[in-house]
$ cat structure_33.txt   # compact mmCIF, C-alpha atoms and all ligand atoms
# COMPACT_ATOMS: atom_id res chain seq x y z
CA MET A 1 -11.53 2.13 -9.82
CA ILE A 2 -7.93 1.77 -10.91
CA GLN A 3 -7.60 0.37 -14.41
CA ILE A 4 -4.26 -1.07 -15.40
CA GLN A 5 -4.07 -1.75 -19.09
CA ASN A 6 -1.25 -3.73 -20.69
CA VAL A 7 1.45 -2.26 -18.45
CA SER A 8 5.01 -3.42 -19.03
CA HIS A 9 8.21 -2.15 -17.47
CA VAL A 10 11.88 -2.79 -18.16
CA ILE A 11 15.01 -1.70 -16.31
CA GLY A 12 17.97 -1.80 -18.64
CA LYS A 13 17.29 -4.96 -20.61
CA SER A 14 15.52 -6.77 -17.74
CA PRO A 15 11.76 -7.16 -17.99
CA ILE A 16 10.27 -6.24 -14.59
CA LEU A 17 6.57 -6.27 -15.48
CA THR A 18 5.00 -7.83 -18.57
CA GLY A 19 1.58 -6.99 -19.97
CA ILE A 20 -0.28 -6.41 -16.69
CA THR A 21 -3.98 -5.84 -17.21
CA THR A 22 -6.28 -5.76 -14.20
CA ARG A 23 -8.72 -3.62 -12.23
CA ILE A 24 -8.62 -2.57 -8.61
CA PRO A 25 -12.06 -1.80 -7.21
CA ARG A 26 -12.96 1.42 -5.38
CA HIS A 27 -13.31 1.04 -1.58
CA GLY A 28 -11.99 -1.75 0.55
CA ILE A 29 -8.49 -3.14 0.88
CA THR A 30 -6.69 -4.55 -2.15
CA ALA A 31 -3.61 -6.61 -1.31
CA LEU A 32 -0.72 -6.95 -3.76
CA ILE A 33 0.88 -10.30 -3.03
CA GLY A 34 3.63 -12.45 -4.49
CA PRO A 35 7.21 -13.57 -3.88
CA ASN A 36 10.20 -11.25 -3.50
CA GLY A 37 11.08 -9.57 -6.77
CA ALA A 38 7.64 -10.25 -8.33
CA GLY A 39 7.16 -6.58 -9.25
CA LYS A 40 4.69 -5.49 -6.54
CA SER A 41 6.54 -2.31 -5.53
CA THR A 42 7.18 -1.48 -9.18
CA LEU A 43 3.47 -1.70 -9.95
CA LEU A 44 2.56 0.39 -6.88
CA ASN A 45 5.12 3.03 -7.86
CA LEU A 46 3.78 3.15 -11.42
CA ILE A 47 0.21 3.67 -10.15
CA ALA A 48 1.42 6.53 -7.94
CA ARG A 49 3.66 7.92 -10.71
CA LEU A 50 6.72 7.65 -8.47
CA THR A 51 8.09 5.73 -11.46
CA PRO A 52 7.22 7.03 -14.96
CA LEU A 53 5.07 4.69 -17.03
CA GLN A 54 6.92 3.23 -20.03
CA SER A 55 4.08 1.43 -21.78
CA GLY A 56 0.40 0.73 -21.28
CA GLN A 57 -2.06 2.92 -19.42
CA ILE A 58 -3.11 3.41 -15.78
CA THR A 59 -6.19 5.40 -14.82
CA VAL A 60 -7.36 6.15 -11.30
CA ASP A 61 -11.08 6.98 -11.24
CA ASP A 62 -10.71 7.88 -14.93
CA VAL A 63 -7.74 10.19 -14.29
CA ASP A 64 -4.79 9.18 -16.48
CA VAL A 65 -1.79 9.06 -14.14
CA SER A 66 0.66 9.78 -16.97
CA THR A 67 -0.87 13.12 -17.85
CA ALA A 68 -2.66 14.31 -14.69
CA PRO A 69 -1.30 17.53 -13.12
CA THR A 70 0.73 16.78 -9.97
CA GLN A 71 -1.66 18.74 -7.74
CA GLU A 72 -4.66 16.75 -9.01
CA LEU A 73 -2.85 13.47 -8.43
CA ALA A 74 -1.71 14.50 -4.92
CA LEU A 75 -5.32 15.16 -3.95
CA LYS A 76 -6.40 11.77 -5.33
CA ILE A 77 -3.59 9.39 -4.32
CA ALA A 78 -1.41 9.24 -1.22
CA VAL A 79 1.52 6.88 -1.31
CA VAL A 80 3.65 5.50 1.49
CA ALA A 81 6.66 3.89 -0.14
CA GLN A 82 9.03 1.50 1.61
CA GLN A 83 11.11 3.36 4.18
CA LEU A 84 14.74 2.55 3.60
CA GLY A 85 16.28 4.33 6.57
CA VAL A 86 15.47 7.79 7.87
CA SER A 87 18.40 10.09 8.39
CA SER A 88 16.60 13.37 8.79
CA ARG A 89 16.27 15.21 12.11
CA LEU A 90 12.57 15.69 11.52
CA ARG A 91 9.97 15.53 14.27
CA VAL A 92 7.07 13.07 13.95
CA ARG A 93 4.47 15.83 13.95
CA ASP A 94 6.29 17.73 11.19
CA LEU A 95 6.48 14.58 9.07
CA VAL A 96 2.76 13.87 9.45
CA ALA A 97 1.97 17.54 8.72
CA PHE A 98 3.79 17.23 5.36
CA GLY A 99 0.85 15.10 4.24
CA ARG A 100 -1.35 18.22 4.33
CA TRP A 101 0.84 20.13 1.86
CA PRO A 102 -1.36 19.46 -1.24
CA HIS A 103 -4.28 21.02 0.64
CA HIS A 104 -2.68 24.21 2.02
CA ARG A 105 0.36 24.67 -0.26
CA GLY A 106 2.43 26.21 2.53
CA ARG A 107 -0.31 28.02 4.46
CA PRO A 108 -1.68 25.55 7.00
CA ALA A 109 -5.07 26.42 8.50
CA GLN A 110 -6.75 25.14 11.65
CA ARG A 111 -8.40 22.31 9.71
CA ASP A 112 -4.94 21.09 8.69
CA GLU A 113 -3.77 21.09 12.32
CA ASP A 114 -6.98 19.25 13.29
CA ALA A 115 -6.36 16.62 10.61
CA VAL A 116 -2.80 16.14 11.88
CA ASP A 117 -4.10 15.76 15.47
CA GLN A 118 -6.59 13.13 14.31
CA ALA A 119 -4.01 11.13 12.38
CA ILE A 120 -1.54 11.25 15.27
CA ALA A 121 -4.23 9.93 17.61
CA ALA A 122 -5.41 7.30 15.10
CA PHE A 123 -1.91 5.83 14.78
CA ASP A 124 -1.07 5.92 18.48
CA LEU A 125 1.61 8.58 18.07
CA GLN A 126 0.60 11.19 20.67
CA ALA A 127 3.42 10.36 23.07
CA LEU A 128 5.94 10.40 20.22
CA GLN A 129 4.83 13.41 18.19
CA TYR A 130 7.63 15.77 19.27
CA ARG A 131 10.39 13.17 18.97
CA PHE A 132 12.82 13.16 16.08
CA LEU A 133 12.27 10.34 13.60
CA ASP A 134 15.74 8.95 14.15
CA GLU A 135 14.86 8.55 17.82
CA LEU A 136 12.04 6.11 17.02
CA SER A 137 12.01 2.36 16.53
CA GLY A 138 11.38 0.96 13.03
CA GLY A 139 7.74 0.17 13.82
CA GLN A 140 7.13 3.62 15.31
CA GLN A 141 8.63 5.24 12.21
CA GLN A 142 6.44 3.04 10.05
CA ARG A 143 3.30 4.26 11.85
CA ALA A 144 4.39 7.88 11.42
CA PHE A 145 4.79 7.42 7.65
CA VAL A 146 1.40 5.74 7.34
CA ALA A 147 -0.16 8.62 9.31
CA MET A 148 1.44 11.06 6.84
CA GLY A 149 -0.19 9.17 3.96
CA VAL A 150 -3.62 9.00 5.56
CA VAL A 151 -3.66 12.68 6.63
CA GLN A 152 -3.43 13.62 2.95
CA ASP A 153 -7.15 12.79 2.88
CA THR A 154 -7.19 11.23 -0.59
CA ASP A 155 -9.63 8.76 -2.14
CA TRP A 156 -6.76 6.30 -2.64
CA VAL A 157 -4.00 5.34 -0.21
CA LEU A 158 -1.17 3.17 -1.57
CA LEU A 159 1.09 1.51 0.99
CA ASP A 160 4.21 -0.56 0.37
CA GLU A 161 4.58 -3.14 3.13
CA PRO A 162 3.00 -1.01 5.88
CA LEU A 163 3.16 -3.93 8.33
CA ASN A 164 6.97 -4.04 8.17
CA ASN A 165 8.49 -3.81 11.63
CA LEU A 166 5.15 -3.73 13.42
CA ASP A 167 4.51 -5.91 16.45
CA MET A 168 1.37 -8.07 16.46
CA TYR A 169 -0.66 -5.49 18.36
CA HIS A 170 0.23 -2.58 16.08
CA ALA A 171 0.00 -4.69 12.89
CA LYS A 172 -3.54 -5.65 13.81
CA GLU A 173 -4.48 -2.12 14.94
CA LEU A 174 -3.09 -0.61 11.74
CA THR A 175 -4.83 -3.12 9.47
CA ALA A 176 -8.12 -2.83 11.36
CA GLY A 177 -7.86 0.97 11.13
CA LEU A 178 -7.23 0.84 7.37
CA HIS A 179 -10.07 -1.64 6.98
CA ALA A 180 -12.48 0.62 8.88
CA MET A 181 -11.59 3.68 6.83
CA SER A 182 -12.06 1.76 3.58
CA ARG A 183 -15.63 0.61 4.16
CA PRO A 184 -18.03 1.90 1.51
CA GLY A 185 -20.70 4.17 2.88
CA THR A 186 -18.61 5.65 5.69
CA GLU A 187 -18.28 9.43 5.75
CA ARG A 188 -14.80 9.46 4.23
CA SER A 189 -14.24 6.09 2.64
CA ARG A 190 -10.75 5.52 1.21
CA SER A 191 -9.60 2.78 -1.10
CA ILE A 192 -6.49 1.08 0.20
CA VAL A 193 -3.94 -0.71 -2.01
CA MET A 194 -1.14 -2.34 -0.08
CA VAL A 195 1.75 -4.67 -0.62
CA VAL A 196 1.56 -7.34 2.07
CA HIS A 197 3.70 -10.38 2.81
CA GLU A 198 1.79 -11.50 5.90
CA ILE A 199 -0.61 -13.80 4.08
CA ASN A 200 -2.88 -14.33 7.10
CA TYR A 201 -3.45 -10.57 7.30
CA VAL A 202 -4.47 -10.75 3.64
CA ALA A 203 -6.85 -13.62 4.47
CA ALA A 204 -8.34 -11.75 7.41
CA TRP A 205 -8.69 -8.23 5.99
CA ALA A 206 -8.37 -8.00 2.19
CA ASP A 207 -11.41 -7.50 -0.03
CA HIS A 208 -9.52 -8.00 -3.28
CA ILE A 209 -6.19 -9.56 -4.16
CA VAL A 210 -3.75 -9.00 -7.03
CA ALA A 211 -1.12 -11.75 -7.20
CA LEU A 212 2.10 -11.24 -9.17
CA LYS A 213 4.95 -13.59 -9.95
CA ASP A 214 8.01 -12.95 -12.14
CA GLY A 215 6.51 -9.67 -13.34
CA ALA A 216 3.28 -11.25 -14.56
CA LEU A 217 -0.24 -11.22 -13.21
CA VAL A 218 -1.02 -14.67 -11.79
CA PHE A 219 -4.49 -14.04 -10.44
CA SER A 220 -6.74 -11.24 -9.29
CA GLY A 221 -10.05 -11.54 -7.52
CA PRO A 222 -11.73 -11.91 -4.16
CA PRO A 223 -9.85 -13.74 -1.35
CA ASP A 224 -11.93 -16.91 -1.50
CA GLN A 225 -10.94 -17.39 -5.14
CA VAL A 226 -7.24 -16.52 -4.75
CA LEU A 227 -6.36 -17.96 -1.35
CA THR A 228 -6.57 -21.58 -2.39
CA GLU A 229 -3.95 -24.27 -1.89
CA PRO A 230 -3.16 -24.70 -5.62
CA ILE A 231 -2.85 -20.98 -6.36
CA LEU A 232 -0.79 -20.15 -3.26
CA SER A 233 1.45 -23.21 -3.59
CA ASP A 234 2.16 -22.32 -7.20
CA LEU A 235 2.60 -18.60 -6.46
CA PHE A 236 5.19 -19.14 -3.73
CA GLY A 237 6.63 -22.41 -5.04
CA MET A 238 6.08 -24.36 -1.83
CA PRO A 239 3.41 -26.54 -0.29
CA ILE A 240 0.79 -24.41 1.41
CA ARG A 241 -2.29 -25.53 3.35
CA VAL A 242 -5.44 -23.50 3.75
CA VAL A 243 -7.64 -24.48 6.70
CA SER A 244 -10.78 -22.90 8.04
CA ILE A 245 -11.07 -21.74 11.63
CA ASP A 246 -14.40 -20.24 12.72
CA GLY A 247 -15.30 -19.99 9.02
CA LYS A 248 -12.20 -17.92 8.19
CA PRO A 249 -9.28 -19.12 6.05
CA VAL A 250 -5.97 -19.62 7.85
CA ILE A 251 -2.90 -20.24 5.74
CA LEU A 252 -0.26 -22.66 6.99
CA HIS A 253 3.11 -22.40 5.33
CA HIS A 254 5.73 -22.97 8.00
CA MET A 255 5.55 -26.72 8.46
N1 LIG B 301 16.75 -0.03 -9.83
C1 LIG B 301 16.69 -1.28 -10.23
N2 LIG B 301 17.60 -1.79 -11.11
C2 LIG B 301 17.51 -3.06 -11.54
N3 LIG B 301 16.54 -3.93 -11.16
C3 LIG B 301 15.63 -3.48 -10.29
C4 LIG B 301 15.65 -2.15 -9.78
N4 LIG B 301 14.59 -2.00 -8.94
C5 LIG B 301 13.96 -3.20 -8.91
N5 LIG B 301 14.59 -4.08 -9.72
C6 LIG B 301 14.19 -5.47 -9.95
O1 LIG B 301 12.83 -5.48 -10.33
C7 LIG B 301 12.19 -6.64 -9.86
C8 LIG B 301 10.91 -6.27 -9.15
O2 LIG B 301 11.23 -5.52 -7.99
P1 LIG B 301 10.09 -5.03 -7.00
O3 LIG B 301 10.76 -4.24 -5.92
O4 LIG B 301 9.01 -4.39 -7.76
O5 LIG B 301 9.57 -6.43 -6.43
P2 LIG B 301 8.64 -6.73 -5.19
O6 LIG B 301 7.63 -7.73 -5.66
O7 LIG B 301 8.12 -5.49 -4.58
O8 LIG B 301 9.67 -7.46 -4.22
P3 LIG B 301 9.82 -7.53 -2.60
O9 LIG B 301 8.74 -8.45 -2.12
O10 LIG B 301 11.16 -8.17 -2.45
O11 LIG B 301 9.76 -6.15 -2.05
C9 LIG B 301 13.22 -7.35 -8.98
O12 LIG B 301 13.76 -8.45 -9.69
C10 LIG B 301 14.27 -6.31 -8.72
O13 LIG B 301 15.54 -6.90 -8.57

$ encode --input "structure_33.txt" --output "structure tokens"
Amino acid sequence: MIQIQNVSHVIGKSPILTGITTRIPRHGITALIGPNGAGKSTLLNLIARLTPLQSGQITVDDVDVSTAPTQELALKIAVVAQQLGVSSRLRVRDLVAFGRWPHHRGRPAQRDEDAVDQAIAAFDLQALQYRFLDELSGGQQQRAFVAMGVVQDTDWVLLDEPLNNLDMYHAKELTAGLHAMSRPGTERSRSIVMVVHEINYVAAWADHIVALKDGALVFSGPPDQVLTEPILSDLFGMPIRVVSIDGKPVILHHM
């Protein structure tokens, strides 16, 4: 479980997050939702210690992220931050293999190569694995970065907008793949925390939702409690309808 206790964050004099207290359950997919600028990426980066915590406390399975040794954290949490342009002449396979670094610390063994092979296959990257990253489309790059996060073989995988740039087929394949690997009871069950804007993917695949607005926690809980017309309309400041098709919620927001 991730426990977030009274976390606040400021940049300069601007409050970015205020007094966030919530829990993210082990296993399953947790979606961080909310409008642009709500503080979702900031919270994800604080959990992963990409941004130093200013106040409050965050523990991941009882490990305090502020004080945990880097190696311990790297074996517990993988993070795929938003990709803001890739300039490097790095091949896809080399990028994915970076995810194994916390395990081999510079001396890759056969099991590391096997893990890289598996991740490359799982994210449909075989045909692209020897291409340079700057020769890929945005969606192909996105899949390579997610594969690098998953190959790290951690209990927790944090992803910032992993569906960015993906076509419908690959968005569904990626989400279904993350969902499968997060089921409790499977051999290597991960807990996935991801920032998602595509609200119908949240409705279809999330097990738990954390909703933020203006740096504050608006709601957290299971989808059937959060994905309601009043909560979503208030969260995004627009009229939103929730209908049921084949017993599943479908969110209409474009009319
Ligand atoms: N380096 C920075 N300097 C100043 N303000 C920042 C900085 N980084 C982020 N912010 C501000 O912090 C707030 C939260 O940003 P954050 O990226 O966490 O939001 P978000 O919910 O992930 O948004 P989005 O959906 O647009 O990705 C925003 O108002 C943003 O402008």

$ residues_near_ligand --input "structure_33.txt" --ligand "ligand LIG 301 (chain B)" --cutoff "7 Å" --atoms "all atoms listed in the file" --output "PyMOL selection string"
chain A and resi 11+16+34-43+215

$ closest_atom_pairs --input "structure_33.txt" --of "region 83-171 of chain A" --to "region 53-65 of chain A" --cutoff "12 Å" --atoms "all atoms listed in the file" --output "tab-separated table"
residue	atom	partner	partner_atom	distance
A:Thr154	CA	A:Val60	CA	11.9
A:Asp155	CA	A:Asp61	CA	9.4
A:Trp156	CA	A:Val60	CA	8.7
A:Val157	CA	A:Val60	CA	11.6
A:Leu158	CA	A:Val60	CA	11.9

$ write_last_selection --input "structure_33.txt" --atoms "C-alpha atoms" --output "CSV table (one decimal), in the frame of the given file"
chain,number,residue,atom,x,y,z
A,154,THR,CA,-7.2,11.2,-0.6
A,155,ASP,CA,-9.6,8.8,-2.1
A,156,TRP,CA,-6.8,6.3,-2.6
A,157,VAL,CA,-4.0,5.3,-0.2
A,158,LEU,CA,-1.2,3.2,-1.6

$ closest_residue --input "structure_33.txt" --among "A:Asp214, A:Asp153, A:Glu135, A:Asp124" --to "Ala97 (chain A)" --atoms "all atoms listed in the file"
A:Asp153

$ closest_residue --input "structure_33.txt" --among "A:Val196, A:Ala176, A:Val116, A:Met238" --to "Glu161 (chain A)" --atoms "all atoms listed in the file"
A:Val196

$ atom_distance --input "structure_33.txt" --atom1 "CA of Ile120 (chain A)" --atom2 "CA of Asn45 (chain A)"
25.4 Å

$ closest_residue --input "structure_33.txt" --among "A:Val226, A:Ala204, A:Val218, A:Ala31" --to "Gly247 (chain A)" --atoms "all atoms listed in the file"
A:Ala204

$ atom_distance --input "structure_33.txt" --atom1 "CA of His253 (chain A)" --atom2 "CA of Pro239 (chain A)"
7.0 Å

$ closest_residue --input "structure_33.txt" --among "A:Val92, A:Val250, A:Val79, A:Ala206" --to "Ala127 (chain A)" --atoms "only C-alpha atoms"
A:Val92

$ atom_distance --input "structure_33.txt" --atom1 "CA of Met194 (chain A)" --atom2 "CA of Ile20 (chain A)"
17.1 Å

$ residues_around --input "structure_33.txt" --residues "region 99-106 of chain A" --least-positions-apart "5" --cutoff "6 Å" --atoms "only C-alpha atoms" --output "list in words"
Met148, Val151 and Gln152 of chain A
